[in-house]
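Coordinates as given in final_9.pdb (PDB, C-alpha atoms):
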ATOM      1  CA  MET G   1     202.762 151.387 165.733  1.00  0.00           C
ATOM      2  CA  LEU G   2     205.207 151.119 168.614  1.00  0.00           C
ATOM      3  CA  HIS G   3     205.007 153.658 171.412  1.00  0.00           C
ATOM      4  CA  TYR G   4     208.215 155.679 171.796  1.00  0.00           C
ATOM      5  CA  SER G   5     209.788 158.583 173.659  1.00  0.00           C
ATOM      6  CA  GLN G   6     212.097 161.134 172.097  1.00  0.00           C
ATOM      7  CA  SER G   7     214.723 163.470 173.547  1.00  0.00           C
ATOM      8  CA  GLY G   8     217.666 165.622 172.530  1.00  0.00           C
ATOM      9  CA  GLU G   9     218.141 167.682 169.398  1.00  0.00           C
ATOM     10  CA  ARG G  10     215.434 166.673 166.917  1.00  0.00           C
ATOM     11  CA  GLU G  11     217.400 167.969 163.928  1.00  0.00           C
ATOM     12  CA  GLN G  12     220.593 166.101 164.849  1.00  0.00           C
ATOM     13  CA  ALA G  13     221.606 162.523 164.039  1.00  0.00           C
ATOM     14  CA  THR G  14     219.078 159.983 165.322  1.00  0.00           C
ATOM     15  CA  ILE G  15     219.876 157.020 167.575  1.00  0.00           C
ATOM     16  CA  VAL G  16     217.155 154.389 167.988  1.00  0.00           C
ATOM     17  CA  PHE G  17     217.569 152.440 171.236  1.00  0.00           C
ATOM     18  CA  LEU G  18     216.180 148.899 171.590  1.00  0.00           C
ATOM     19  CA  HIS G  19     215.772 147.698 175.175  1.00  0.00           C
ATOM     20  CA  ALA G  20     216.159 144.317 176.880  1.00  0.00           C
ATOM     21  CA  ALA G  21     213.256 141.979 177.706  1.00  0.00           C
ATOM     22  CA  GLY G  22     211.301 142.850 180.832  1.00  0.00           C
ATOM     23  CA  PHE G  23     212.080 146.561 180.519  1.00  0.00           C
ATOM     24  CA  ASP G  24     210.803 149.320 178.233  1.00  0.00           C
ATOM     25  CA  GLY G  25     212.194 152.461 176.624  1.00  0.00           C
ATOM     26  CA  ARG G  26     212.652 154.159 179.996  1.00  0.00           C
ATOM     27  CA  ILE G  27     215.718 151.989 180.659  1.00  0.00           C
ATOM     28  CA  TRP G  28     217.681 154.329 178.382  1.00  0.00           C
ATOM     29  CA  ARG G  29     217.052 157.514 180.397  1.00  0.00           C
ATOM     30  CA  LYS G  30     220.608 157.844 181.703  1.00  0.00           C
ATOM     31  CA  THR G  31     222.069 157.212 178.252  1.00  0.00           C
ATOM     32  CA  GLN G  32     219.763 159.857 176.783  1.00  0.00           C
ATOM     33  CA  GLU G  33     220.970 162.364 179.373  1.00  0.00           C
ATOM     34  CA  LEU G  34     224.581 161.666 178.378  1.00  0.00           C
ATOM     35  CA  LEU G  35     223.860 162.171 174.653  1.00  0.00           C
ATOM     36  CA  PRO G  36     221.928 165.474 174.521  1.00  0.00           C
ATOM     37  CA  ASP G  37     223.364 166.351 171.118  1.00  0.00           C
ATOM     38  CA  PHE G  38     221.651 163.369 169.442  1.00  0.00           C
ATOM     39  CA  ASN G  39     217.998 162.814 168.629  1.00  0.00           C
ATOM     40  CA  CYS G  40     217.347 159.823 170.898  1.00  0.00           C
ATOM     41  CA  VAL G  41     214.329 157.640 170.074  1.00  0.00           C
ATOM     42  CA  CYS G  42     213.411 154.926 172.582  1.00  0.00           C
ATOM     43  CA  PRO G  43     210.518 152.661 171.593  1.00  0.00           C
ATOM     44  CA  ASP G  44     208.724 150.196 173.816  1.00  0.00           C
ATOM     45  CA  LEU G  45     209.240 146.964 171.876  1.00  0.00           C
ATOM     46  CA  PRO G  46     206.399 144.506 171.093  1.00  0.00           C
ATOM     47  CA  GLY G  47     204.741 143.058 174.185  1.00  0.00           C
ATOM     48  CA  HIS G  48     206.338 145.638 176.492  1.00  0.00           C
ATOM     49  CA  GLY G  49     205.168 148.767 178.302  1.00  0.00           C
ATOM     50  CA  ASN G  50     202.962 150.983 176.199  1.00  0.00           C
ATOM     51  CA  SER G  51     203.432 148.607 173.237  1.00  0.00           C
ATOM     52  CA  ARG G  52     201.973 145.631 175.111  1.00  0.00           C
ATOM     53  CA  GLN G  53     199.158 145.470 172.567  1.00  0.00           C
ATOM     54  CA  VAL G  54     201.646 144.705 169.767  1.00  0.00           C
ATOM     55  CA  PRO G  55     201.986 140.900 169.733  1.00  0.00           C
ATOM     56  CA  VAL G  56     205.325 139.113 169.965  1.00  0.00           C
ATOM     57  CA  HIS G  57     205.532 136.656 167.071  1.00  0.00           C
ATOM     58  CA  ASP G  58     209.267 136.455 166.403  1.00  0.00           C
ATOM     59  CA  PHE G  59     212.266 138.762 166.125  1.00  0.00           C
ATOM     60  CA  ASP G  60     211.674 139.357 162.404  1.00  0.00           C
ATOM     61  CA  ALA G  61     208.165 140.640 163.073  1.00  0.00           C
ATOM     62  CA  ALA G  62     209.508 142.840 165.874  1.00  0.00           C
ATOM     63  CA  ALA G  63     212.185 144.175 163.513  1.00  0.00           C
ATOM     64  CA  GLU G  64     209.463 145.063 161.027  1.00  0.00           C
ATOM     65  CA  GLU G  65     207.683 147.066 163.718  1.00  0.00           C
ATOM     66  CA  VAL G  66     210.913 148.977 164.380  1.00  0.00           C
ATOM     67  CA  ALA G  67     211.352 149.512 160.636  1.00  0.00           C
ATOM     68  CA  ASN G  68     207.859 150.984 160.445  1.00  0.00           C
ATOM     69  CA  LEU G  69     208.697 153.350 163.307  1.00  0.00           C
ATOM     70  CA  ILE G  70     211.936 154.519 161.672  1.00  0.00           C
ATOM     71  CA  SER G  71     210.141 155.075 158.370  1.00  0.00           C
ATOM     72  CA  SER G  72     207.425 157.092 160.113  1.00  0.00           C
ATOM     73  CA  LEU G  73     210.061 159.350 161.665  1.00  0.00           C
ATOM     74  CA  GLY G  74     211.548 160.124 158.277  1.00  0.00           C
ATOM     75  CA  LYS G  75     215.019 159.976 159.837  1.00  0.00           C
ATOM     76  CA  GLY G  76     216.683 156.993 158.156  1.00  0.00           C
ATOM     77  CA  PRO G  77     219.299 155.756 157.919  1.00  0.00           C
ATOM     78  CA  ILE G  78     219.709 155.955 161.685  1.00  0.00           C
ATOM     79  CA  HIS G  79     222.247 154.903 164.298  1.00  0.00           C
ATOM     80  CA  LEU G  80     221.060 151.813 166.179  1.00  0.00           C
ATOM     81  CA  ALA G  81     221.788 150.607 169.723  1.00  0.00           C
ATOM     82  CA  GLY G  82     220.500 147.415 171.329  1.00  0.00           C
ATOM     83  CA  LEU G  83     220.818 145.449 174.548  1.00  0.00           C
ATOM     84  CA  SER G  84     219.984 141.733 174.840  1.00  0.00           C
ATOM     85  CA  MET G  85     216.527 141.312 173.241  1.00  0.00           C
ATOM     86  CA  GLY G  86     217.071 144.660 171.545  1.00  0.00           C
ATOM     87  CA  SER G  87     220.247 143.304 169.945  1.00  0.00           C
ATOM     88  CA  TYR G  88     218.481 140.272 168.509  1.00  0.00           C
ATOM     89  CA  ILE G  89     215.764 142.479 167.049  1.00  0.00           C
ATOM     90  CA  GLY G  90     218.262 145.077 165.868  1.00  0.00           C
ATOM     91  CA  PHE G  91     220.367 142.519 164.047  1.00  0.00           C
ATOM     92  CA  ARG G  92     217.314 141.150 162.272  1.00  0.00           C
ATOM     93  CA  LEU G  93     216.472 144.713 161.274  1.00  0.00           C
ATOM     94  CA  MET G  94     219.897 145.061 159.627  1.00  0.00           C
ATOM     95  CA  VAL G  95     219.366 141.791 157.767  1.00  0.00           C
ATOM     96  CA  ARG G  96     215.910 142.759 156.535  1.00  0.00           C
ATOM     97  CA  ARG G  97     216.239 146.529 156.075  1.00  0.00           C
ATOM     98  CA  PRO G  98     219.890 147.537 155.716  1.00  0.00           C
ATOM     99  CA  ASP G  99     218.785 150.790 154.091  1.00  0.00           C
ATOM    100  CA  LEU G 100     217.448 152.015 157.445  1.00  0.00           C
ATOM    101  CA  VAL G 101     220.586 151.525 159.569  1.00  0.00           C
ATOM    102  CA  LYS G 102     223.784 153.538 159.139  1.00  0.00           C
ATOM    103  CA  ASN G 103     225.721 151.737 161.890  1.00  0.00           C
ATOM    104  CA  ALA G 104     224.986 149.822 165.064  1.00  0.00           C
ATOM    105  CA  VAL G 105     226.185 148.962 168.574  1.00  0.00           C
ATOM    106  CA  PHE G 106     224.847 145.784 170.195  1.00  0.00           C
ATOM    107  CA  SER G 107     225.491 144.127 173.549  1.00  0.00           C
ATOM    108  CA  GLY G 108     224.552 140.798 175.092  1.00  0.00           C
ATOM    109  CA  PHE G 109     223.583 138.421 172.274  1.00  0.00           C
ATOM    110  CA  GLN G 110     224.971 135.421 170.414  1.00  0.00           C
ATOM    111  CA  HIS G 111     225.077 134.386 166.745  1.00  0.00           C
ATOM    112  CA  ASP G 112     223.726 130.823 166.963  1.00  0.00           C
ATOM    113  CA  PRO G 113     221.465 128.712 169.212  1.00  0.00           C
ATOM    114  CA  ILE G 114     222.351 128.139 172.848  1.00  0.00           C
ATOM    115  CA  ARG G 115     222.113 124.465 173.718  1.00  0.00           C
ATOM    116  CA  VAL G 116     220.413 123.827 177.060  1.00  0.00           C
ATOM    117  CA  SER G 117     218.879 120.692 178.526  1.00  0.00           C
ATOM    118  CA  VAL G 118     215.151 120.020 178.669  1.00  0.00           C
ATOM    119  CA  PHE G 119     215.389 120.433 182.442  1.00  0.00           C
ATOM    120  CA  ILE G 120     216.949 123.898 182.178  1.00  0.00           C
ATOM    121  CA  ARG G 121     214.375 124.957 179.592  1.00  0.00           C
ATOM    122  CA  ALA G 122     211.614 123.831 181.945  1.00  0.00           C
ATOM    123  CA  LEU G 123     213.237 125.717 184.825  1.00  0.00           C
ATOM    124  CA  MET G 124     213.468 128.897 182.742  1.00  0.00           C
ATOM    125  CA  HIS G 125     209.867 128.437 181.648  1.00  0.00           C
ATOM    126  CA  GLY G 126     208.696 128.178 185.223  1.00  0.00           C
ATOM    127  CA  SER G 127     210.790 131.085 186.489  1.00  0.00           C
ATOM    128  CA  SER G 128     209.022 133.498 184.125  1.00  0.00           C
ATOM    129  CA  TRP G 129     206.070 133.489 186.531  1.00  0.00           C
ATOM    130  CA  MET G 130     208.330 134.921 189.222  1.00  0.00           C
ATOM    131  CA  MET G 131     208.457 138.203 187.310  1.00  0.00           C
ATOM    132  CA  ASN G 132     204.810 138.783 188.229  1.00  0.00           C
ATOM    133  CA  SER G 133     206.135 139.682 191.674  1.00  0.00           C
ATOM    134  CA  LYS G 134     207.279 143.289 191.935  1.00  0.00           C
ATOM    135  CA  ARG G 135     209.790 142.272 194.591  1.00  0.00           C
ATOM    136  CA  ASN G 136     211.360 139.658 192.289  1.00  0.00           C
ATOM    137  CA  ARG G 137     211.483 142.114 189.397  1.00  0.00           C
ATOM    138  CA  GLU G 138     213.254 144.682 191.532  1.00  0.00           C
ATOM    139  CA  LYS G 139     215.723 142.047 192.745  1.00  0.00           C
ATOM    140  CA  MET G 140     216.441 141.107 189.114  1.00  0.00           C
ATOM    141  CA  ALA G 141     216.924 144.768 188.200  1.00  0.00           C
ATOM    142  CA  ARG G 142     219.387 145.334 191.037  1.00  0.00           C
ATOM    143  CA  SER G 143     221.389 142.298 189.928  1.00  0.00           C
ATOM    144  CA  LEU G 144     221.778 144.025 186.547  1.00  0.00           C
ATOM    145  CA  GLY G 145     222.846 147.312 188.118  1.00  0.00           C
ATOM    146  CA  VAL G 146     219.508 149.084 187.594  1.00  0.00           C
ATOM    147  CA  ALA G 147     219.073 151.302 190.635  1.00  0.00           C
ATOM    148  CA  ASP G 148     215.681 152.833 189.774  1.00  0.00           C
ATOM    149  CA  ALA G 149     213.111 150.229 190.854  1.00  0.00           C
ATOM    150  CA  SER G 150     210.324 151.955 188.927  1.00  0.00           C
ATOM    151  CA  LEU G 151     211.916 150.903 185.630  1.00  0.00           C
ATOM    152  CA  VAL G 152     210.796 147.287 186.056  1.00  0.00           C
ATOM    153  CA  SER G 153     207.120 148.029 186.599  1.00  0.00           C
ATOM    154  CA  PHE G 154     204.374 149.382 184.360  1.00  0.00           C
ATOM    155  CA  LYS G 155     201.884 151.904 185.741  1.00  0.00           C
ATOM    156  CA  GLY G 156     202.913 151.352 189.325  1.00  0.00           C
ATOM    157  CA  SER G 157     203.098 147.655 190.102  1.00  0.00           C
ATOM    158  CA  LYS G 158     202.302 145.670 186.947  1.00  0.00           C
ATOM    159  CA  PRO G 159     205.063 143.790 185.099  1.00  0.00           C
ATOM    160  CA  ILE G 160     206.179 145.516 181.909  1.00  0.00           C
ATOM    161  CA  ALA G 161     205.722 142.283 179.973  1.00  0.00           C
ATOM    162  CA  THR G 162     203.503 139.284 180.714  1.00  0.00           C
ATOM    163  CA  SER G 163     204.864 135.885 181.706  1.00  0.00           C
ATOM    164  CA  SER G 164     203.868 134.450 178.332  1.00  0.00           C
ATOM    165  CA  THR G 165     205.739 137.236 176.540  1.00  0.00           C
ATOM    166  CA  MET G 166     208.856 136.575 178.606  1.00  0.00           C
ATOM    167  CA  ARG G 167     208.682 132.838 177.885  1.00  0.00           C
ATOM    168  CA  LYS G 168     208.308 133.520 174.171  1.00  0.00           C
ATOM    169  CA  ILE G 169     211.297 135.858 174.106  1.00  0.00           C
ATOM    170  CA  THR G 170     213.461 133.432 176.077  1.00  0.00           C
ATOM    171  CA  SER G 171     212.693 130.693 173.559  1.00  0.00           C
ATOM    172  CA  LEU G 172     213.421 132.998 170.609  1.00  0.00           C
ATOM    173  CA  ALA G 173     216.722 134.092 172.150  1.00  0.00           C
ATOM    174  CA  LEU G 174     217.889 130.545 172.875  1.00  0.00           C
ATOM    175  CA  ASN G 175     217.117 129.527 169.268  1.00  0.00           C
ATOM    176  CA  PHE G 176     218.499 132.665 167.624  1.00  0.00           C
ATOM    177  CA  ASP G 177     220.659 131.885 164.601  1.00  0.00           C
ATOM    178  CA  VAL G 178     222.084 134.428 162.168  1.00  0.00           C
ATOM    179  CA  SER G 179     225.021 132.319 160.988  1.00  0.00           C
ATOM    180  CA  PRO G 180     223.747 132.180 157.381  1.00  0.00           C
ATOM    181  CA  ASP G 181     223.361 135.983 157.269  1.00  0.00           C
ATOM    182  CA  LEU G 182     226.639 137.197 158.753  1.00  0.00           C
ATOM    183  CA  SER G 183     228.630 137.575 155.545  1.00  0.00           C
ATOM    184  CA  ASN G 184     225.797 139.528 153.904  1.00  0.00           C
ATOM    185  CA  VAL G 185     225.421 142.246 156.551  1.00  0.00           C
ATOM    186  CA  MET G 186     227.568 145.217 155.535  1.00  0.00           C
ATOM    187  CA  THR G 187     226.412 147.643 158.234  1.00  0.00           C
ATOM    188  CA  PRO G 188     229.340 148.758 160.452  1.00  0.00           C
ATOM    189  CA  THR G 189     228.638 147.026 163.752  1.00  0.00           C
ATOM    190  CA  LEU G 190     230.241 147.121 167.190  1.00  0.00           C
ATOM    191  CA  VAL G 191     229.429 144.060 169.319  1.00  0.00           C
ATOM    192  CA  LEU G 192     230.046 144.313 173.069  1.00  0.00           C
ATOM    193  CA  ALA G 193     229.852 141.917 176.008  1.00  0.00           C
ATOM    194  CA  GLY G 194     230.681 142.004 179.682  1.00  0.00           C
ATOM    195  CA  GLU G 195     233.614 139.846 180.732  1.00  0.00           C
ATOM    196  CA  SER G 196     231.295 137.682 182.867  1.00  0.00           C
ATOM    197  CA  GLU G 197     228.645 137.175 180.174  1.00  0.00           C
ATOM    198  CA  HIS G 198     227.166 133.801 179.249  1.00  0.00           C
ATOM    199  CA  PRO G 199     229.874 131.691 177.534  1.00  0.00           C
ATOM    200  CA  ALA G 200     227.845 131.482 174.310  1.00  0.00           C
ATOM    201  CA  ILE G 201     227.726 135.274 174.081  1.00  0.00           C
ATOM    202  CA  LEU G 202     231.444 135.629 174.783  1.00  0.00           C
ATOM    203  CA  SER G 203     232.399 132.949 172.272  1.00  0.00           C
ATOM    204  CA  SER G 204     230.262 134.660 169.624  1.00  0.00           C
ATOM    205  CA  LEU G 205     232.384 137.801 169.759  1.00  0.00           C
ATOM    206  CA  SER G 206     235.169 136.276 167.669  1.00  0.00           C
ATOM    207  CA  THR G 207     232.630 134.946 165.160  1.00  0.00           C
ATOM    208  CA  PHE G 208     231.014 138.341 164.775  1.00  0.00           C
ATOM    209  CA  GLN G 209     234.386 140.035 164.365  1.00  0.00           C
ATOM    210  CA  SER G 210     235.720 137.550 161.804  1.00  0.00           C
ATOM    211  CA  GLU G 211     232.584 136.836 159.768  1.00  0.00           C
ATOM    212  CA  LEU G 212     230.658 140.104 159.869  1.00  0.00           C
ATOM    213  CA  PRO G 213     232.417 142.213 157.200  1.00  0.00           C
ATOM    214  CA  ASN G 214     232.508 145.569 159.038  1.00  0.00           C
ATOM    215  CA  CYS G 215     232.500 144.492 162.672  1.00  0.00           C
ATOM    216  CA  ALA G 216     234.579 145.140 165.766  1.00  0.00           C
ATOM    217  CA  ALA G 217     234.051 143.206 169.009  1.00  0.00           C
ATOM    218  CA  ARG G 218     235.058 144.331 172.477  1.00  0.00           C
ATOM    219  CA  VAL G 219     234.834 143.101 176.094  1.00  0.00           C
ATOM    220  CA  ILE G 220     234.051 145.186 179.182  1.00  0.00           C
ATOM    221  CA  PRO G 221     236.314 143.925 181.988  1.00  0.00           C
ATOM    222  CA  GLY G 222     234.825 143.186 185.386  1.00  0.00           C
ATOM    223  CA  HIS G 223     231.190 143.237 184.290  1.00  0.00           C
ATOM    224  CA  GLY G 224     228.405 140.949 183.117  1.00  0.00           C
ATOM    225  CA  HIS G 225     225.170 141.263 181.185  1.00  0.00           C
ATOM    226  CA  GLY G 226     224.122 144.459 182.995  1.00  0.00           C
ATOM    227  CA  TRP G 227     227.307 146.436 182.378  1.00  0.00           C
ATOM    228  CA  ILE G 228     225.479 149.275 180.584  1.00  0.00           C
ATOM    229  CA  ALA G 229     223.547 150.185 183.747  1.00  0.00           C
ATOM    230  CA  ARG G 230     226.730 150.069 185.814  1.00  0.00           C
ATOM    231  CA  GLU G 231     228.899 151.968 183.304  1.00  0.00           C
ATOM    232  CA  PRO G 232     226.535 154.376 181.497  1.00  0.00           C
ATOM    233  CA  GLU G 233     229.302 156.865 180.675  1.00  0.00           C
ATOM    234  CA  LEU G 234     231.414 154.154 179.039  1.00  0.00           C
ATOM    235  CA  PHE G 235     228.438 153.022 176.977  1.00  0.00           C
ATOM    236  CA  ALA G 236     227.605 156.564 175.890  1.00  0.00           C
ATOM    237  CA  ASP G 237     231.266 157.190 174.990  1.00  0.00           C
ATOM    238  CA  SER G 238     231.297 153.940 172.988  1.00  0.00           C
ATOM    239  CA  LEU G 239     228.201 154.982 171.040  1.00  0.00           C
ATOM    240  CA  ARG G 240     229.571 158.440 170.337  1.00  0.00           C
ATOM    241  CA  ALA G 241     232.900 157.026 169.155  1.00  0.00           C
ATOM    242  CA  TRP G 242     231.464 154.302 166.914  1.00  0.00           C
ATOM    243  CA  PHE G 243     228.846 156.553 165.389  1.00  0.00           C
ATOM    244  CA  SER G 244     231.376 159.331 164.698  1.00  0.00           C
ATOM    245  CA  GLU G 245     234.070 156.908 163.472  1.00  0.00           C
ATOM    246  CA  THR G 246     236.591 157.984 166.112  1.00  0.00           C
ATOM    247  CA  PRO G 247     238.740 155.738 168.392  1.00  0.00           C
ATOM    248  CA  LEU G 248     236.834 153.632 170.901  1.00  0.00           C
ATOM    249  CA  PRO G 249     237.275 154.416 174.628  1.00  0.00           C
ATOM    250  CA  ASP G 250     240.035 152.752 176.627  1.00  0.00           C
ATOM    251  CA  GLY G 251     237.532 150.970 178.860  1.00  0.00           C
ATOM    252  CA  LEU G 252     236.821 148.448 176.110  1.00  0.00           C
ATOM    253  CA  THR G 253     239.183 145.498 175.689  1.00  0.00           C
ATOM    254  CA  THR G 254     240.007 143.945 172.311  1.00  0.00           C
ATOM    255  CA  ILE G 255     239.524 140.221 171.735  1.00  0.00           C
ATOM    256  CA  ALA G 256     242.011 137.769 170.281  1.00  0.00           C
ATOM    257  CA  GLU G 257     241.363 136.666 166.704  1.00  0.00           C
ATOM    258  CA  GLU G 258     240.816 132.926 166.307  1.00  0.00           C
TER
END
Would it be possible to restate this file's structure as structure tokens?
Amino acid sequence: MLHYSQSGEREQATIVFLHAAGFDGRIWRKTQELLPDFNCVCPDLPGHGNSRQVPVHDFDAAAEEVANLISSLGKGPIHLAGLSMGSYIGFRLMVRRPDLVKNAVFSGFQHDPIRVSVFIRALMHGSSWMMNSKRNREKMARSLGVADASLVSFKGSKPIATSSTMRKITSLALNFDVSPDLSNVMTPTLVLAGESEHPAILSSLSTFQSELPNCAARVIPGHGHGWIAREPELFADSLRAWFSETPLPDGLTTIAEE
């Protein structure tokens, strides 16, 4: 079973938060503080933090672990929020167990494989070792707008996820493909991306909005992959609006339909 933390009103609507690779459930602390009227559940995903003992096989297996957690809470269907790796896993959860998810907000993922050269893949493979350095992890966190350096280390100075886990997740993310499933996912879904995101993630927004039956896609101007850390209030307002079926905040920009 995945380790998790819980905050807010236990009897209120539940939001399950799925974090990005290289972090753990603590990354959501600020968001939890801004949503005290929700029951916020923040697991450490497979291979990360206090769930390091749970192996990373693929995103489907990780989604099954999240499904088991939700079932154990007895809170389904729940609201779901994901960032980067958490979005990949969260989407696979909706495909596999739509009964567990009422609606969802995801940021920082694409719908089909990202094509990169063998050289770039090798470079990414090698750079995973750099995350063994606390200094490099903290530099990466700052580049994403994460001010609290402790959120990138486990029990003081250890990396939250091993180099092999990070390489596995990078490979899974690059090869992610939900194109065949889009038309079958009926869960109301809001897909977000920073204006300076990877081109594959930005170009996927229109695909999600047009092919996912109950989807809206929005851009956050002036930001990149780490916009949630830099604009926590906007993210919390977006969650509250989507989950309560009220108008989305003005800080989100609509995309043009293709």
Just so the selection is clear, what residues does the PyMOL selection byres ((chain G and resi 223) around 9) cover here, as a VMD selection string? chain G and resid 193 to 197 219 to 222 224 to 227 230
Extract, using all atoms listed in the file, all DNA, RNA and protein residues at most 8 Å from His111 in chain G, discarding same-chain residues fewer than 4 positions from it, and format them as a list in words.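 Skipping anything fewer than 4 positions along the chain leaves Phe176, Asp177, Val178, Ser179, Ile201, Ser204, Thr207 and Phe208 of chain G.
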Go through G:Phe23, G:Phe109, G:Tyr4, G:Tyr88 and flag the residue nearest Ser150 in chain G, using only C-alpha atoms for the distances.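 Closest to Ser150 in chain G, using only C-alpha atoms: G:Phe23.
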Explicit residues for the PyMOL selection byres ((chain G and resi 31-37) around 12) (as a ChimeraX atom specification): /G:5-17,19,25-30,38-42,81,228-241,243
Of the listed residues G:Val105, G:Val185, G:Val146, G:Leu45, that which approaches Asn214 in chain G most closely, counting all atoms listed in the file: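 For Asn214 in chain G, the nearest of the given residues is G:Val185.
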One decimal, in Å: what's the spacing between CA of Ala20 in chain G and CA of Gly86 in chain G?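 Between CA of Ala20 in chain G and CA of Gly86 in chain G the gap works out to 5.4 Å.
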Which distance in Å separates CA of Ile89 in chain G and CA of Asn132 in chain G, to one decimal?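 According to the coordinates, CA of Ile89 in chain G and CA of Asn132 in chain G are separated by 24.1 Å.
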Identify, on the basis of only C-alpha atoms, every residue whose closest approach to Asn68 in chain G does not exceed 12 Å; exclude the query and any residue fewer than 3 positions from it along the same chain; express the result as a list in words. Met1, Leu2, His3, Pro43, Ala61, Ala62, Ala63, Glu64, Glu65, Ser71, Ser72, Leu73, Gly74, Lys75, Gly76, Leu93, Arg97 and Leu100 of chain G
When the PyMOL selection byres ((chain G and resi 256) around 12) is applied to the file above, which residues end up in the set, as a list in words? Leu202, Ser203, Leu205, Ser206, Thr207, Gln209, Ser210, Ala216, Ala217, Arg218, Val219, Thr253, Thr254, Ile255, Glu257 and Glu258 of chain G
Coordinates-based distance that separates CA of Ser51 in chain G from CA of Phe154 in chain G (Å, one decimal):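 About the pair CA of Phe154 in chain G and CA of Ser51 in chain G: they are 11.2 Å apart.
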All file atoms of range 227-234 of chain G boxed axis-aligned, 6 Å per side, centre plus edges, as JSON:
{"center_x": 227.5, "center_y": 151.7, "center_z": 182.4, "size_x": 19.9, "size_y": 22.4, "size_z": 18.8}
Check the smallest atom-to-atom distance from each of G:Lys102, G:His57, G:His79, G:Lys158 to Gly22 in chain G using all atoms listed in the file, then report the winner.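 When distances to Gly22 in chain G are compared using all atoms listed in the file, the smallest one comes from G:Lys158.
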Please return, as a list in words, all polymer residues that have at least one atom within 8 Å of the point (223.9, 151.0, 151.6); use only C-alpha atoms and the file's own coordinate frame.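 Answer for this query, in the requested form: Pro98, Asp99, Lys102, Met186 and Thr187 of chain G.
With only the atoms specified (only C-alpha atoms) counting, those residues at most 10 Å away from (212.4, 141.5, 186.2) are G:Ala21, G:Gly22, G:Phe23, G:Ser128, G:Met130, G:Met131, G:Asn132, G:Ser133, G:Lys134, G:Arg135, G:Asn136, G:Arg137, G:Glu138, G:Lys139, G:Met140, G:Ala141, G:Arg142, G:Ser143, G:Leu144, G:Ala149, G:Leu151, G:Val152, G:Ser153, G:Pro159, G:Ile160, G:Ala161, G:Met166.
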From the set G:Ala104, G:Leu212, G:Ala67, G:Met85, which residue has the shortest atom-to-atom contact distance to Leu172 in chain G, counting all atoms listed in the file? G:Met85
